[in-house]
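Asker: My structure is stored as model_14.cif, with mmCIF, C-alpha atoms and all ligand atoms.
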data_query
loop_
_atom_site.label_atom_id
_atom_site.label_comp_id
_atom_site.auth_asym_id
_atom_site.auth_seq_id
_atom_site.Cartn_x
_atom_site.Cartn_y
_atom_site.Cartn_z
CA MET A 679 0.00 0.00 0.00
CA SER A 680 0.97 3.62 -0.33
CA SER A 681 -0.52 7.01 0.42
CA ALA A 682 -0.09 10.69 -0.23
CA GLY A 683 2.06 11.94 2.63
CA ARG A 684 2.58 15.40 4.07
CA VAL A 685 1.81 18.42 1.93
CA LEU A 686 4.91 20.09 0.52
CA VAL A 687 3.17 22.81 -1.52
CA THR A 688 -0.45 23.69 -0.76
CA GLU A 689 -3.14 24.34 -3.31
CA GLY A 690 -3.14 28.01 -2.33
CA GLU A 691 0.63 28.31 -2.72
CA LEU A 692 0.41 26.66 -6.14
CA GLN A 693 -2.33 29.03 -7.28
CA ALA A 694 -0.42 32.09 -6.05
CA ARG A 695 2.83 31.04 -7.72
CA VAL A 696 1.16 30.11 -11.01
CA SER A 697 -0.50 33.55 -11.03
CA GLN A 698 2.90 35.20 -10.52
CA LEU A 699 4.49 33.14 -13.29
CA GLY A 700 1.58 33.95 -15.58
CA ALA A 701 1.97 37.67 -14.90
CA ARG A 702 5.71 37.56 -15.64
CA ILE A 703 5.17 35.63 -18.85
CA THR A 704 2.38 38.01 -19.89
CA SER A 705 4.75 40.93 -19.45
CA ASP A 706 7.74 39.24 -21.11
CA TYR A 707 5.84 37.99 -24.18
CA HIS A 708 3.76 41.08 -24.89
CA GLY A 709 3.63 41.39 -28.70
CA ARG A 710 5.22 37.98 -29.25
CA PRO A 711 2.66 35.23 -30.03
CA LEU A 712 3.39 32.41 -27.65
CA LEU A 713 3.27 28.64 -28.10
CA LEU A 714 3.15 26.61 -24.89
CA VAL A 715 4.57 23.11 -25.26
CA GLY A 716 3.53 20.84 -22.40
CA VAL A 717 5.54 17.74 -21.59
CA LEU A 718 3.13 14.88 -20.88
CA LYS A 719 1.97 13.50 -18.73
CA GLY A 720 3.17 15.32 -15.64
CA ALA A 721 2.75 18.88 -16.92
CA PHE A 722 -0.92 18.60 -17.86
CA VAL A 723 -2.33 20.20 -14.68
CA PHE A 724 0.29 22.97 -14.46
CA MET A 725 -0.07 23.69 -18.19
CA SER A 726 -3.82 24.06 -17.82
CA ASP A 727 -3.52 26.54 -14.94
CA LEU A 728 -0.55 28.40 -16.45
CA ALA A 729 -2.27 28.90 -19.82
CA ARG A 730 -5.20 30.53 -18.01
CA ALA A 731 -2.88 32.71 -15.91
CA ILE A 732 -1.27 34.23 -19.02
CA ASP A 733 -3.20 37.24 -20.25
CA LEU A 734 -2.21 36.83 -23.90
CA PRO A 735 -3.47 34.66 -26.75
CA VAL A 736 -1.56 31.38 -26.45
CA ASP A 737 -1.39 28.33 -28.67
CA LEU A 738 -0.96 24.96 -26.96
CA ASP A 739 0.70 21.75 -28.02
CA PHE A 740 2.03 18.69 -26.22
CA MET A 741 4.87 16.24 -26.47
CA SER A 742 5.43 12.97 -24.75
CA VAL A 743 8.88 11.54 -24.26
CA SER A 744 9.94 8.67 -22.14
CA SER A 745 13.11 7.96 -20.31
CA PHE A 746 14.25 4.59 -19.12
CA GLY A 747 15.78 4.15 -15.73
CA GLU A 748 14.92 3.97 -12.07
CA SER A 749 11.30 4.46 -11.17
CA THR A 750 11.69 7.54 -8.99
CA ARG A 751 14.63 9.26 -10.70
CA SER A 752 14.79 9.25 -14.46
CA SER A 753 18.00 8.34 -16.22
CA GLY A 754 19.13 6.89 -19.50
CA ILE A 755 17.77 7.10 -23.00
CA VAL A 756 14.99 9.48 -23.95
CA ARG A 757 12.73 8.77 -26.91
CA ILE A 758 9.76 10.55 -28.49
CA VAL A 759 6.45 8.86 -27.76
CA MET A 760 4.28 11.65 -29.22
CA ASP A 761 5.58 14.56 -31.25
CA LEU A 762 4.16 18.07 -31.69
CA GLU A 763 1.52 18.81 -34.32
CA THR A 764 2.78 22.37 -34.62
CA ASP A 765 5.60 23.53 -36.88
CA ILE A 766 7.61 25.62 -34.41
CA ARG A 767 9.85 27.35 -36.97
CA ASP A 768 9.92 31.10 -36.14
CA ARG A 769 7.58 30.55 -33.16
CA HIS A 770 8.17 31.76 -29.60
CA VAL A 771 8.16 28.48 -27.69
CA LEU A 772 7.80 28.04 -23.93
CA LEU A 773 8.44 24.47 -22.82
CA VAL A 774 6.28 23.65 -19.77
CA GLU A 775 7.57 20.99 -17.37
CA ASP A 776 6.19 19.82 -14.05
CA ILE A 777 9.60 19.00 -12.59
CA VAL A 778 13.23 19.23 -13.62
CA ASP A 779 15.05 16.49 -11.80
CA SER A 780 18.22 15.22 -13.49
CA ASP A 781 17.31 17.64 -16.35
CA LEU A 782 17.85 14.81 -18.85
CA LYS A 783 14.42 15.21 -20.43
CA MET A 784 14.56 19.00 -20.60
CA THR A 785 18.05 18.99 -22.13
CA TYR A 786 16.98 16.44 -24.75
CA LEU A 787 13.83 18.42 -25.59
CA LEU A 788 15.62 21.76 -25.79
CA GLU A 789 18.19 20.38 -28.22
CA LEU A 790 15.49 18.74 -30.33
CA LEU A 791 13.20 21.77 -30.43
CA ARG A 792 16.04 24.24 -31.04
CA SER A 793 17.03 22.20 -34.11
CA ARG A 794 13.60 23.04 -35.57
CA GLY A 795 14.35 26.77 -35.73
CA PRO A 796 12.05 28.51 -33.22
CA ALA A 797 12.25 32.30 -32.91
CA SER A 798 12.88 31.82 -29.19
CA MET A 799 12.94 28.95 -26.74
CA GLU A 800 12.41 29.13 -22.97
CA VAL A 801 11.52 26.75 -20.15
CA CYS A 802 8.91 27.14 -17.41
CA ALA A 803 9.21 24.45 -14.74
CA LEU A 804 6.87 24.27 -11.78
CA LEU A 805 9.47 22.42 -9.68
CA ALA A 806 13.24 22.19 -9.90
CA ARG A 807 15.53 20.13 -7.71
CA ALA A 808 17.97 22.25 -5.75
CA ASP A 809 20.84 20.14 -7.08
CA SER A 810 19.74 20.26 -10.74
CA ASP A 811 21.23 22.59 -13.35
CA GLN A 812 18.71 25.42 -13.32
CA SER A 813 20.61 27.62 -15.78
CA GLN A 814 18.33 26.51 -18.63
CA ILE A 815 15.11 27.34 -16.77
CA GLY A 816 13.74 30.83 -17.38
CA TYR A 817 10.71 30.50 -15.10
CA THR A 818 10.76 28.35 -11.95
CA GLY A 819 7.84 27.80 -9.59
CA PHE A 820 9.52 26.22 -6.57
CA VAL A 821 12.99 24.84 -5.84
CA ILE A 822 12.68 21.64 -3.81
CA GLY A 823 14.95 19.05 -2.21
CA ASP A 824 15.13 15.38 -3.03
CA GLU A 825 11.66 14.42 -1.80
CA PHE A 826 9.62 12.04 -3.97
CA VAL A 827 6.76 14.37 -4.86
CA ILE A 828 3.29 13.57 -6.15
CA GLY A 829 0.12 15.44 -7.01
CA TYR A 830 -0.78 18.38 -9.28
CA GLY A 831 0.13 16.18 -12.25
CA LEU A 832 3.01 14.26 -10.69
CA ASP A 833 2.63 10.55 -10.16
CA ALA A 834 3.87 7.50 -8.30
CA ALA A 835 3.39 4.60 -10.71
CA GLU A 836 0.63 6.62 -12.47
CA ARG A 837 -1.30 7.30 -9.26
CA HIS A 838 -2.01 10.58 -7.43
CA ARG A 839 -1.77 12.93 -10.44
CA ASP A 840 -5.20 14.28 -9.48
CA LEU A 841 -4.23 15.61 -6.03
CA ARG A 842 -4.75 19.38 -5.74
CA SER A 843 -1.60 19.95 -3.66
CA ILE A 844 1.91 18.60 -3.96
CA HIS A 845 2.63 15.90 -1.40
CA VAL A 846 5.64 13.88 -0.39
CA PHE A 847 5.00 10.27 -1.38
CA GLU A 848 5.08 7.83 1.53
CA PRO A 849 5.27 4.19 0.56
CA ARG A 850 3.78 1.93 3.21
CA THR A 851 5.19 -1.45 3.84
CA ARG A 852 2.23 -2.73 5.88
CA SER A 853 -1.48 -2.44 5.35
CA HIS A 854 -3.65 -1.19 8.21
C1 LIG B 901 9.15 13.10 -15.11
C2 LIG B 901 8.73 14.55 -15.02
C3 LIG B 901 9.67 15.27 -15.94
C4 LIG B 901 10.91 14.40 -15.91
C5 LIG B 901 11.92 15.01 -15.03
O1 LIG B 901 8.47 12.53 -16.15
O2 LIG B 901 7.38 14.71 -15.41
O3 LIG B 901 9.16 15.31 -17.25
O4 LIG B 901 10.54 13.11 -15.39
O5 LIG B 901 13.03 14.18 -14.88
P1 LIG B 901 14.49 14.53 -15.43
O6 LIG B 901 14.73 16.00 -15.17
O7 LIG B 901 15.36 13.64 -14.60
O8 LIG B 901 14.53 14.20 -16.90
P2 LIG B 901 8.23 10.96 -16.28
O9 LIG B 901 9.29 10.38 -17.18
O10 LIG B 901 8.09 10.35 -14.93
O11 LIG B 901 6.86 10.90 -17.09
P3 LIG B 901 5.42 11.53 -16.70
O12 LIG B 901 5.54 13.03 -16.85
O13 LIG B 901 4.51 10.93 -17.71
O14 LIG B 901 5.11 11.13 -15.27
#
The structure in this file should be written as structure tokens.
Answerer:
Amino acid sequence: MSSAGRVLVTEGELQARVSQLGARITSDYHGRPLLLVGVLKGAFVFMSDLARAIDLPVDLDFMSVSSFGESTRSSGIVRIVMDLETDIRDRHVLLVEDIVDSDLKMTYLLELLRSRGPASMEVCALLARADSDQSQIGYTGFVIGDEFVIGYGLDAAERHRDLRSIHVFEPRTRSH
């Protein structure tokens, strides 16, 4: 058995931070039509809230890539599971991630998307590990430690993505 453990970031804190990020992005992209690229599946909740916090017309698209490695920390090869529909040449692209952990996925995606000739390329990550390379992230929601986090799109073996807050995952070894 397992359960959602203590709350790390409350629903209210998430809403407030997403509003701030949306306001910054609105100001930074004024006059530049924006394409949000969400990285599935984890980013789907954040992407939905962020898109509505940006007071500009935005286009949306999604990509899905998978990495092979340990279950709680990604590592190894990344491959495209679902590509964009949109031609991003000359577009202002903002890559939306739920969490940057080892930054393997983000680095792979940035290299791939940059090769397609966007007008600009930035990253907005809701969460970034304190020990990850954050130099490639233009917009960060929260910097966190090495907790195994779930909720607000993030999963443990595909569960708990629907939680409204971000929790620390607590595996249970015994049932009660
Ligand atoms: C997680 C998370 C990020 C990525 C971060 O995705 O959603 O996309 O890993 O890890 P990294 O910085 O070490 O590359 P996951 O592969 O678990 O897929 P999911 O989004 O479908 O849960």
Asker: Report, in Å with one decimal, the straight-line distance from CA of Ser798 (chain A) to CA of Ile732 (chain A).
Answerer: 17.6 Å
Asker: May I have the residues within 10 Å of ligand LIG 901 (chain B), computed using only C-alpha atoms and all ligand atoms, as a ChimeraX atom specification?
Answerer: /A:716-722,742-756,774-787,803,805-807,810-811,828,831-837,839
Asker: Rounded to one decimal in Å, what is the spacing between CA of Leu728 (chain A) and CA of Val759 (chain A)?
Answerer: 23.6 Å
Asker: I'd like the contact shell of Leu692 (chain A) - 10 Å cut-off, all atoms listed in the file, skipping same-chain residues fewer than 5 positions apart - returned as a VMD selection string.
Answerer: chain A and resid 687 697 to 698 724 727 804 819 to 820 830 842 to 844
Asker: So how many Å separate CA of Thr704 (chain A) and CA of Met760 (chain A), to one decimal?
Answerer: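 Here the two named atoms are 28.0 Å from each other.
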Asker: For a quick check of understanding, using all atoms listed in the file, which of A:Ser705, A:Arg757, A:Arg695, A:Ser681 has the smallest distance to Asp733 (chain A)?
Answerer: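 The shortest atom-to-atom distance to Asp733 (chain A) comes from A:Ser705.
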Asker: For Glu763 (chain A), work out the shell of residues within 10 Å, counting all atoms listed in the file and skipping chain neighbours fewer than 3 positions away, then give it as a list in words.
Answerer: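 Here the answer would be Leu738, Asp739, Phe740, Met741, Met760 and Ile766 of chain A.
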Asker: Would you please work out which residue, of A:Pro735, A:Gly829, A:Pro849, A:Pro711, is nearest to Arg769 (chain A) when using all atoms listed in the file?
Answerer: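 With all atoms listed in the file as the atom set, the closest residue is A:Pro711.
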